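Structure file input02.cif (mmCIF, N, CA and C atoms) follows.
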```
data_data
loop_
_atom_site.label_atom_id
_atom_site.label_comp_id
_atom_site.auth_asym_id
_atom_site.auth_seq_id
_atom_site.Cartn_x
_atom_site.Cartn_y
_atom_site.Cartn_z
N MET A 1 -5.50 15.61 3.73
CA MET A 1 -4.71 14.78 4.64
C MET A 1 -3.29 14.66 4.10
N ASN A 2 -2.33 14.75 5.00
CA ASN A 2 -0.95 14.51 4.65
C ASN A 2 -0.79 13.00 4.46
N LEU A 3 -0.47 12.56 3.26
CA LEU A 3 -0.41 11.13 2.99
C LEU A 3 0.75 10.44 3.68
N LEU A 4 1.85 11.15 3.89
CA LEU A 4 3.00 10.54 4.54
C LEU A 4 3.49 11.40 5.69
N THR A 5 3.61 10.80 6.85
CA THR A 5 4.27 11.47 7.96
C THR A 5 5.77 11.43 7.70
N ASP A 6 6.53 12.19 8.45
CA ASP A 6 7.99 12.17 8.30
C ASP A 6 8.54 10.77 8.56
N GLU A 7 8.00 10.09 9.57
CA GLU A 7 8.46 8.74 9.90
C GLU A 7 8.18 7.76 8.75
N LEU A 8 6.98 7.82 8.19
CA LEU A 8 6.64 6.93 7.07
C LEU A 8 7.53 7.22 5.87
N ARG A 9 7.74 8.50 5.58
CA ARG A 9 8.60 8.90 4.46
C ARG A 9 10.01 8.34 4.64
N GLU A 10 10.55 8.43 5.84
CA GLU A 10 11.90 7.92 6.10
C GLU A 10 11.98 6.40 5.93
N ARG A 11 10.96 5.70 6.41
CA ARG A 11 10.94 4.24 6.25
C ARG A 11 10.86 3.85 4.78
N LEU A 12 10.01 4.56 4.02
CA LEU A 12 9.88 4.28 2.58
C LEU A 12 11.18 4.59 1.84
N LEU A 13 11.81 5.70 2.17
CA LEU A 13 13.09 6.05 1.54
C LEU A 13 14.17 5.03 1.86
N ALA A 14 14.23 4.57 3.11
CA ALA A 14 15.21 3.55 3.51
C ALA A 14 14.99 2.27 2.70
N ASN A 15 13.73 1.86 2.55
CA ASN A 15 13.44 0.68 1.74
C ASN A 15 13.82 0.91 0.29
N GLY A 16 13.61 2.13 -0.20
CA GLY A 16 13.95 2.45 -1.59
C GLY A 16 15.44 2.36 -1.87
N ARG A 17 16.25 2.57 -0.85
CA ARG A 17 17.71 2.44 -1.02
C ARG A 17 18.14 0.97 -1.03
N GLU A 18 17.28 0.10 -0.53
CA GLU A 18 17.56 -1.34 -0.50
C GLU A 18 16.69 -2.04 -1.53
N ARG A 19 17.14 -2.03 -2.75
CA ARG A 19 16.36 -2.60 -3.87
C ARG A 19 16.33 -4.12 -3.81
N ASP A 20 15.38 -4.68 -4.52
CA ASP A 20 15.26 -6.13 -4.70
C ASP A 20 15.05 -6.89 -3.40
N ALA A 21 14.46 -6.24 -2.41
CA ALA A 21 14.11 -6.92 -1.16
C ALA A 21 12.59 -7.07 -1.11
N ASP A 22 12.15 -8.05 -0.38
CA ASP A 22 10.72 -8.30 -0.22
C ASP A 22 10.24 -7.54 1.01
N HIS A 23 10.09 -6.22 0.86
CA HIS A 23 9.76 -5.35 1.99
C HIS A 23 8.32 -5.55 2.46
N VAL A 24 8.11 -5.21 3.71
CA VAL A 24 6.77 -5.16 4.29
C VAL A 24 6.16 -3.82 3.91
N PRO A 25 4.90 -3.79 3.50
CA PRO A 25 4.27 -2.50 3.19
C PRO A 25 4.34 -1.54 4.39
N VAL A 26 4.66 -0.30 4.08
CA VAL A 26 4.82 0.73 5.10
C VAL A 26 3.53 1.52 5.28
N VAL A 27 2.81 1.72 4.18
CA VAL A 27 1.62 2.56 4.21
C VAL A 27 0.56 2.04 3.25
N LYS A 28 -0.69 2.20 3.66
CA LYS A 28 -1.83 1.87 2.80
C LYS A 28 -2.55 3.17 2.48
N LEU A 29 -2.73 3.43 1.20
CA LEU A 29 -3.48 4.59 0.72
C LEU A 29 -4.72 4.07 0.02
N PHE A 30 -5.80 4.86 0.05
CA PHE A 30 -7.03 4.38 -0.55
C PHE A 30 -7.92 5.54 -1.00
N ASN A 31 -8.79 5.22 -1.93
CA ASN A 31 -9.82 6.14 -2.39
C ASN A 31 -11.04 5.90 -1.49
N PRO A 32 -11.45 6.88 -0.68
CA PRO A 32 -12.57 6.65 0.24
C PRO A 32 -13.93 6.58 -0.45
N LEU A 33 -13.97 6.90 -1.74
CA LEU A 33 -15.25 6.92 -2.45
C LEU A 33 -15.36 5.87 -3.56
N GLY A 34 -14.37 5.00 -3.68
CA GLY A 34 -14.46 4.01 -4.75
C GLY A 34 -13.20 3.20 -4.90
N GLU A 35 -12.98 2.73 -6.12
CA GLU A 35 -11.82 1.90 -6.40
C GLU A 35 -10.53 2.67 -6.21
N GLY A 36 -9.52 1.94 -5.79
CA GLY A 36 -8.20 2.50 -5.64
C GLY A 36 -7.64 2.23 -4.27
N THR A 37 -6.70 1.29 -4.21
CA THR A 37 -5.99 0.98 -2.98
C THR A 37 -4.54 0.73 -3.34
N TRP A 38 -3.63 1.27 -2.53
CA TRP A 38 -2.20 1.14 -2.78
C TRP A 38 -1.50 0.76 -1.49
N LEU A 39 -0.61 -0.23 -1.56
CA LEU A 39 0.27 -0.58 -0.46
C LEU A 39 1.68 -0.23 -0.90
N ALA A 40 2.29 0.74 -0.27
CA ALA A 40 3.61 1.21 -0.67
C ALA A 40 4.69 0.62 0.23
N THR A 41 5.76 0.16 -0.41
CA THR A 41 6.91 -0.39 0.32
C THR A 41 8.14 0.49 0.18
N GLU A 42 8.22 1.28 -0.90
CA GLU A 42 9.43 2.05 -1.18
C GLU A 42 9.08 3.43 -1.73
N LEU A 43 9.99 4.36 -1.53
CA LEU A 43 9.90 5.68 -2.12
C LEU A 43 11.28 6.01 -2.68
N ASP A 44 11.32 6.43 -3.94
CA ASP A 44 12.59 6.81 -4.57
C ASP A 44 13.09 8.11 -3.97
N ALA A 45 14.37 8.36 -4.15
CA ALA A 45 15.01 9.57 -3.62
C ALA A 45 14.37 10.84 -4.18
N ASP A 46 13.69 10.73 -5.34
CA ASP A 46 13.04 11.91 -5.92
C ASP A 46 11.81 12.35 -5.11
N GLY A 47 11.40 11.54 -4.13
CA GLY A 47 10.26 11.88 -3.29
C GLY A 47 8.92 11.69 -3.95
N ASP A 48 8.91 11.11 -5.14
CA ASP A 48 7.65 10.95 -5.88
C ASP A 48 7.35 9.50 -6.23
N ALA A 49 8.26 8.81 -6.87
CA ALA A 49 8.01 7.45 -7.36
C ALA A 49 8.00 6.47 -6.20
N MET A 50 6.85 5.82 -6.04
CA MET A 50 6.69 4.81 -5.00
C MET A 50 6.58 3.44 -5.66
N PHE A 51 6.97 2.41 -4.93
CA PHE A 51 6.81 1.04 -5.40
C PHE A 51 5.93 0.31 -4.42
N GLY A 52 5.10 -0.57 -4.95
CA GLY A 52 4.25 -1.39 -4.11
C GLY A 52 3.17 -2.07 -4.91
N LEU A 53 2.11 -2.39 -4.22
CA LEU A 53 0.97 -3.08 -4.82
C LEU A 53 -0.14 -2.07 -5.05
N ALA A 54 -0.56 -1.94 -6.29
CA ALA A 54 -1.62 -1.00 -6.65
C ALA A 54 -2.83 -1.79 -7.14
N ASP A 55 -4.01 -1.33 -6.74
CA ASP A 55 -5.24 -2.00 -7.15
C ASP A 55 -6.25 -0.96 -7.62
N LEU A 56 -6.39 -0.87 -8.93
CA LEU A 56 -7.40 0.00 -9.54
C LEU A 56 -8.40 -0.86 -10.29
N GLY A 57 -8.68 -2.03 -9.73
CA GLY A 57 -9.58 -2.99 -10.36
C GLY A 57 -8.89 -4.30 -10.65
N CYS A 58 -7.56 -4.29 -10.60
CA CYS A 58 -6.76 -5.49 -10.81
C CYS A 58 -5.43 -5.27 -10.08
N PRO A 59 -5.18 -6.00 -8.99
CA PRO A 59 -3.96 -5.76 -8.21
C PRO A 59 -2.70 -6.14 -8.97
N GLU A 60 -1.71 -5.24 -8.94
CA GLU A 60 -0.43 -5.53 -9.58
C GLU A 60 0.68 -4.75 -8.91
N LEU A 61 1.86 -5.36 -8.90
CA LEU A 61 3.05 -4.70 -8.38
C LEU A 61 3.57 -3.70 -9.40
N GLY A 62 4.03 -2.56 -8.92
CA GLY A 62 4.59 -1.58 -9.84
C GLY A 62 4.86 -0.26 -9.16
N ARG A 63 5.12 0.74 -9.97
CA ARG A 63 5.42 2.08 -9.48
C ARG A 63 4.21 2.99 -9.68
N PHE A 64 4.07 3.95 -8.76
CA PHE A 64 3.01 4.95 -8.86
C PHE A 64 3.53 6.24 -8.26
N SER A 65 2.88 7.33 -8.62
CA SER A 65 3.34 8.66 -8.27
C SER A 65 2.63 9.20 -7.03
N LEU A 66 3.41 9.55 -6.03
CA LEU A 66 2.86 10.18 -4.82
C LEU A 66 2.27 11.54 -5.16
N LEU A 67 2.95 12.31 -6.00
CA LEU A 67 2.46 13.64 -6.38
C LEU A 67 1.12 13.53 -7.10
N GLU A 68 1.00 12.55 -7.97
CA GLU A 68 -0.26 12.33 -8.69
C GLU A 68 -1.38 12.01 -7.69
N MET A 69 -1.07 11.19 -6.71
CA MET A 69 -2.08 10.79 -5.74
C MET A 69 -2.52 11.97 -4.87
N THR A 70 -1.58 12.83 -4.52
CA THR A 70 -1.95 13.99 -3.70
C THR A 70 -2.74 15.02 -4.48
N SER A 71 -2.65 14.96 -5.81
CA SER A 71 -3.37 15.95 -6.63
C SER A 71 -4.79 15.50 -6.99
N ILE A 72 -5.15 14.27 -6.69
CA ILE A 72 -6.48 13.76 -7.02
C ILE A 72 -7.53 14.46 -6.17
N ARG A 73 -8.54 15.01 -6.84
CA ARG A 73 -9.65 15.69 -6.16
C ARG A 73 -10.92 14.89 -6.41
N LEU A 74 -11.52 14.45 -5.33
CA LEU A 74 -12.74 13.66 -5.38
C LEU A 74 -13.93 14.54 -5.00
N PRO A 75 -15.15 14.06 -5.22
CA PRO A 75 -16.32 14.83 -4.79
C PRO A 75 -16.28 15.14 -3.29
N PHE A 76 -17.00 16.16 -2.91
CA PHE A 76 -17.15 16.58 -1.51
C PHE A 76 -15.83 17.07 -0.92
N GLY A 77 -14.90 17.51 -1.77
CA GLY A 77 -13.62 18.03 -1.29
C GLY A 77 -12.67 16.97 -0.75
N MET A 78 -12.94 15.73 -1.06
CA MET A 78 -12.11 14.63 -0.56
C MET A 78 -10.97 14.33 -1.52
N GLY A 79 -10.02 13.54 -1.03
CA GLY A 79 -8.89 13.09 -1.83
C GLY A 79 -8.48 11.70 -1.38
N ILE A 80 -7.38 11.23 -1.92
CA ILE A 80 -6.84 9.94 -1.50
C ILE A 80 -6.44 10.07 -0.02
N GLU A 81 -6.66 9.01 0.74
CA GLU A 81 -6.38 9.05 2.17
C GLU A 81 -5.43 7.94 2.58
N ARG A 82 -4.83 8.12 3.74
CA ARG A 82 -3.96 7.11 4.34
C ARG A 82 -4.75 6.38 5.42
N ASP A 83 -4.64 5.06 5.42
CA ASP A 83 -5.27 4.24 6.45
C ASP A 83 -4.39 4.32 7.70
N ILE A 84 -4.80 5.13 8.67
CA ILE A 84 -3.96 5.34 9.85
C ILE A 84 -3.92 4.11 10.76
N PHE A 85 -4.80 3.13 10.54
CA PHE A 85 -4.82 1.93 11.35
C PHE A 85 -4.10 0.75 10.69
N PHE A 86 -3.60 0.94 9.46
CA PHE A 86 -2.97 -0.16 8.74
C PHE A 86 -1.66 -0.56 9.40
N ALA A 87 -1.50 -1.84 9.63
CA ALA A 87 -0.26 -2.40 10.16
C ALA A 87 -0.15 -3.84 9.66
N THR A 88 1.04 -4.23 9.31
CA THR A 88 1.26 -5.60 8.84
C THR A 88 2.71 -5.97 9.09
N ASP A 89 2.95 -7.26 9.18
CA ASP A 89 4.33 -7.75 9.23
C ASP A 89 4.56 -8.73 8.08
N LEU A 90 3.60 -8.78 7.15
CA LEU A 90 3.71 -9.67 5.99
C LEU A 90 4.38 -8.94 4.83
N PRO A 91 5.30 -9.59 4.14
CA PRO A 91 5.98 -8.94 3.01
C PRO A 91 5.04 -8.71 1.83
N ILE A 92 5.45 -7.82 0.95
CA ILE A 92 4.63 -7.45 -0.21
C ILE A 92 4.32 -8.65 -1.09
N SER A 93 5.21 -9.64 -1.15
CA SER A 93 4.95 -10.82 -1.98
C SER A 93 3.73 -11.59 -1.48
N VAL A 94 3.55 -11.66 -0.17
CA VAL A 94 2.38 -12.33 0.40
C VAL A 94 1.12 -11.53 0.07
N TRP A 95 1.20 -10.21 0.22
CA TRP A 95 0.06 -9.35 -0.11
C TRP A 95 -0.30 -9.48 -1.60
N ALA A 96 0.71 -9.51 -2.46
CA ALA A 96 0.46 -9.59 -3.90
C ALA A 96 -0.23 -10.90 -4.26
N GLU A 97 0.23 -12.00 -3.68
CA GLU A 97 -0.39 -13.30 -3.97
C GLU A 97 -1.81 -13.36 -3.42
N ALA A 98 -2.00 -12.87 -2.21
CA ALA A 98 -3.35 -12.87 -1.62
C ALA A 98 -4.30 -11.98 -2.42
N ALA A 99 -3.81 -10.83 -2.85
CA ALA A 99 -4.65 -9.91 -3.64
C ALA A 99 -4.98 -10.50 -5.01
N ARG A 100 -4.02 -11.19 -5.59
CA ARG A 100 -4.27 -11.84 -6.89
C ARG A 100 -5.37 -12.90 -6.74
N ARG A 101 -5.26 -13.70 -5.69
CA ARG A 101 -6.25 -14.75 -5.47
C ARG A 101 -7.62 -14.19 -5.09
N ALA A 102 -7.63 -13.15 -4.27
CA ALA A 102 -8.89 -12.55 -3.82
C ALA A 102 -9.44 -11.54 -4.82
N GLU A 103 -8.62 -11.17 -5.79
CA GLU A 103 -8.96 -10.23 -6.86
C GLU A 103 -9.05 -8.78 -6.39
N SER A 104 -8.55 -8.49 -5.18
CA SER A 104 -8.45 -7.11 -4.72
C SER A 104 -7.64 -7.05 -3.43
N ILE A 105 -7.03 -5.89 -3.19
CA ILE A 105 -6.29 -5.70 -1.94
C ILE A 105 -7.26 -5.71 -0.77
N ARG A 106 -8.39 -5.07 -0.92
CA ARG A 106 -9.36 -4.99 0.19
C ARG A 106 -9.84 -6.37 0.62
N ASP A 107 -10.14 -7.24 -0.35
CA ASP A 107 -10.57 -8.60 -0.01
C ASP A 107 -9.41 -9.41 0.56
N ALA A 108 -8.20 -9.19 0.04
CA ALA A 108 -7.02 -9.88 0.57
C ALA A 108 -6.76 -9.48 2.01
N GLU A 109 -7.00 -8.21 2.31
CA GLU A 109 -6.80 -7.73 3.68
C GLU A 109 -7.70 -8.49 4.66
N ARG A 110 -8.94 -8.69 4.28
CA ARG A 110 -9.87 -9.43 5.14
C ARG A 110 -9.38 -10.87 5.34
N VAL A 111 -8.95 -11.51 4.25
CA VAL A 111 -8.49 -12.90 4.32
C VAL A 111 -7.24 -13.00 5.19
N LEU A 112 -6.28 -12.10 4.99
CA LEU A 112 -5.03 -12.16 5.74
C LEU A 112 -5.25 -11.87 7.23
N TYR A 113 -6.11 -10.93 7.55
CA TYR A 113 -6.37 -10.63 8.96
C TYR A 113 -7.13 -11.77 9.63
N GLN A 114 -8.05 -12.41 8.90
CA GLN A 114 -8.74 -13.57 9.46
C GLN A 114 -7.75 -14.70 9.72
N ALA A 115 -6.83 -14.92 8.79
CA ALA A 115 -5.81 -15.96 8.97
C ALA A 115 -4.93 -15.65 10.18
N ALA A 116 -4.59 -14.39 10.36
CA ALA A 116 -3.77 -13.99 11.51
C ALA A 116 -4.52 -14.26 12.82
N GLN A 117 -5.81 -14.00 12.84
CA GLN A 117 -6.60 -14.24 14.04
C GLN A 117 -6.67 -15.72 14.38
N LEU A 118 -6.58 -16.55 13.36
CA LEU A 118 -6.61 -18.00 13.56
C LEU A 118 -5.22 -18.56 13.89
N GLY A 119 -4.21 -17.68 13.89
CA GLY A 119 -2.87 -18.12 14.26
C GLY A 119 -1.99 -18.52 13.11
N TRP A 120 -2.41 -18.25 11.87
CA TRP A 120 -1.57 -18.58 10.71
C TRP A 120 -0.37 -17.67 10.70
N GLU A 121 0.81 -18.24 10.57
CA GLU A 121 2.05 -17.47 10.58
C GLU A 121 2.59 -17.17 9.19
N GLY A 122 2.13 -17.87 8.17
CA GLY A 122 2.64 -17.67 6.82
C GLY A 122 3.97 -18.36 6.65
N GLY A 123 4.32 -18.58 5.39
CA GLY A 123 5.63 -19.14 5.10
C GLY A 123 5.73 -20.59 5.20
#
```
Could you spell out this file's structure in structure tokens?
Amino acid sequence: MNLLTDELRERLLANGRERDADHVPVVKLFNPLGEGTWLATELDADGDAMFGLADLGCPELGRFSLLEMTSIRLPFGMGIERDIFFATDLPISVWAEAARRAESIRDAERVLYQAAQLGWEGG
């Protein structure tokens, strides 16, 4: 699977040019066979270094490599995938706090979507 469409790449690059902002995650990547979820908000001009929230058992903000993620080979010929249904209007700071409290991005996603269904606006 192509992890980034041209549109997603452009949005990530635009965010990468605007440092120190509380961007909304542009893309969610995940390991379909186990641990590993990433919410990316920025992509550096080098086309590799991404910034966002990474969860490999403990969610934390930081940088990760797009090239490294595309090179991961999982059983059954699978690899890291993009969640084509992911959409959010919440900034990465809200995701980071929710993931810290829930102890994972996946659990935070459930909590945040339930809150949205109940009409919680955040902030």
(request) I need the residue set behind the PyMOL selection byres ((chain A and resi 39-56) around 7) for this file; please write it as a PyMOL selection string. (result) chain A and resi 11-17+23-29+35-38+57-67+92+96+104-105
Enumerate as a compact mmCIF listing (two decimals) with N, CA and C atoms, in the frame of the given file all residues of chain A assigned to strand (DSSP E) by DSSP on the backbone, naming them with the chain letters and numbers the document uses.
```txt
# COMPACT_ATOMS: atom_id res chain seq x y z
N VAL A 27 2.81 1.72 4.18
CA VAL A 27 1.62 2.56 4.21
C VAL A 27 0.56 2.04 3.25
N LYS A 28 -0.69 2.20 3.66
CA LYS A 28 -1.83 1.87 2.80
C LYS A 28 -2.55 3.17 2.48
N LEU A 29 -2.73 3.43 1.20
CA LEU A 29 -3.48 4.59 0.72
C LEU A 29 -4.72 4.07 0.02
N PHE A 30 -5.80 4.86 0.05
CA PHE A 30 -7.03 4.38 -0.55
C PHE A 30 -7.92 5.54 -1.00
N THR A 37 -6.70 1.29 -4.21
CA THR A 37 -5.99 0.98 -2.98
C THR A 37 -4.54 0.73 -3.34
N TRP A 38 -3.63 1.27 -2.53
CA TRP A 38 -2.20 1.14 -2.78
C TRP A 38 -1.50 0.76 -1.49
N LEU A 39 -0.61 -0.23 -1.56
CA LEU A 39 0.27 -0.58 -0.46
C LEU A 39 1.68 -0.23 -0.90
N ALA A 40 2.29 0.74 -0.27
CA ALA A 40 3.61 1.21 -0.67
C ALA A 40 4.69 0.62 0.23
N THR A 41 5.76 0.16 -0.41
CA THR A 41 6.91 -0.39 0.32
C THR A 41 8.14 0.49 0.18
N GLU A 42 8.22 1.28 -0.90
CA GLU A 42 9.43 2.05 -1.18
C GLU A 42 9.08 3.43 -1.73
N LEU A 43 9.99 4.36 -1.53
CA LEU A 43 9.90 5.68 -2.12
C LEU A 43 11.28 6.01 -2.68
N ALA A 49 8.26 8.81 -6.87
CA ALA A 49 8.01 7.45 -7.36
C ALA A 49 8.00 6.47 -6.20
N MET A 50 6.85 5.82 -6.04
CA MET A 50 6.69 4.81 -5.00
C MET A 50 6.58 3.44 -5.66
N PHE A 51 6.97 2.41 -4.93
CA PHE A 51 6.81 1.04 -5.40
C PHE A 51 5.93 0.31 -4.42
N GLY A 52 5.10 -0.57 -4.95
CA GLY A 52 4.25 -1.39 -4.11
C GLY A 52 3.17 -2.07 -4.91
N LEU A 53 2.11 -2.39 -4.22
CA LEU A 53 0.97 -3.08 -4.82
C LEU A 53 -0.14 -2.07 -5.05
N ALA A 54 -0.56 -1.94 -6.29
CA ALA A 54 -1.62 -1.00 -6.65
C ALA A 54 -2.83 -1.79 -7.14
N ASP A 55 -4.01 -1.33 -6.74
CA ASP A 55 -5.24 -2.00 -7.15
C ASP A 55 -6.25 -0.96 -7.62
N PRO A 59 -5.18 -6.00 -8.99
CA PRO A 59 -3.96 -5.76 -8.21
C PRO A 59 -2.70 -6.14 -8.97
N GLU A 60 -1.71 -5.24 -8.94
CA GLU A 60 -0.43 -5.53 -9.58
C GLU A 60 0.68 -4.75 -8.91
N LEU A 61 1.86 -5.36 -8.90
CA LEU A 61 3.05 -4.70 -8.38
C LEU A 61 3.57 -3.70 -9.40
N GLY A 62 4.03 -2.56 -8.92
CA GLY A 62 4.59 -1.58 -9.84
C GLY A 62 4.86 -0.26 -9.16
N ARG A 63 5.12 0.74 -9.97
CA ARG A 63 5.42 2.08 -9.48
C ARG A 63 4.21 2.99 -9.68
N PHE A 64 4.07 3.95 -8.76
CA PHE A 64 3.01 4.95 -8.86
C PHE A 64 3.53 6.24 -8.26
N SER A 65 2.88 7.33 -8.62
CA SER A 65 3.34 8.66 -8.27
C SER A 65 2.63 9.20 -7.03
N GLU A 81 -6.66 9.01 0.74
CA GLU A 81 -6.38 9.05 2.17
C GLU A 81 -5.43 7.94 2.58
N ARG A 82 -4.83 8.12 3.74
CA ARG A 82 -3.96 7.11 4.34
C ARG A 82 -4.75 6.38 5.42
```
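We find atom C of Val94 in chain A and CA of Ala116 in chain A to be spaced 12.7 Å apart.
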(message) Residue by residue, what does the PyMOL selection byres (((chain A and resi 33 and name CA) around 12) and name CA) grab here? Present the result as a list in words.
(response)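 Answer for the PyMOL selection byres (((chain A and resi 33 and name CA) around 12) and name CA): Phe30, Asn31, Pro32, Gly34, Glu35, Gly36, Thr37, Arg73, Leu74, Pro75, Phe76, Gly77, Met78, Gly79, Ile80 and Glu81 of chain A.
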(request) Let me know the residues the PyMOL selection byres (((chain A and resi 112 and name CA) around 12) and name CA) catches in the file above, as a ChimeraX atom specification. (result) /A:87-91,94-99,101-102,105-111,113-122
(message) Quick check for you: according to DSSP on this backbone, which residues of chain A are classed as alpha helix (DSSP H)? Reply as a PyMOL selection string.
(response) chain A and resi 6-17+66-71+92-102+105-117
(request) Name the closest residue to Ala21 in chain A among the candidates A:Thr70, A:Ser93, A:Arg9, A:Ile84; distances are taken between atoms, counting all atoms listed in the file. (result)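 Smallest distance to Ala21 in chain A is found for A:Ser93.
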(request) Find the distance between CA of Glu103 in chain A and CA of Arg19 in chain A and write it in Å to one decimal. (result)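 It comes out at 26.6 Å.
Separating atom N of Thr5 in chain A from CA of Arg100 in chain A is a distance of 27.6 Å.
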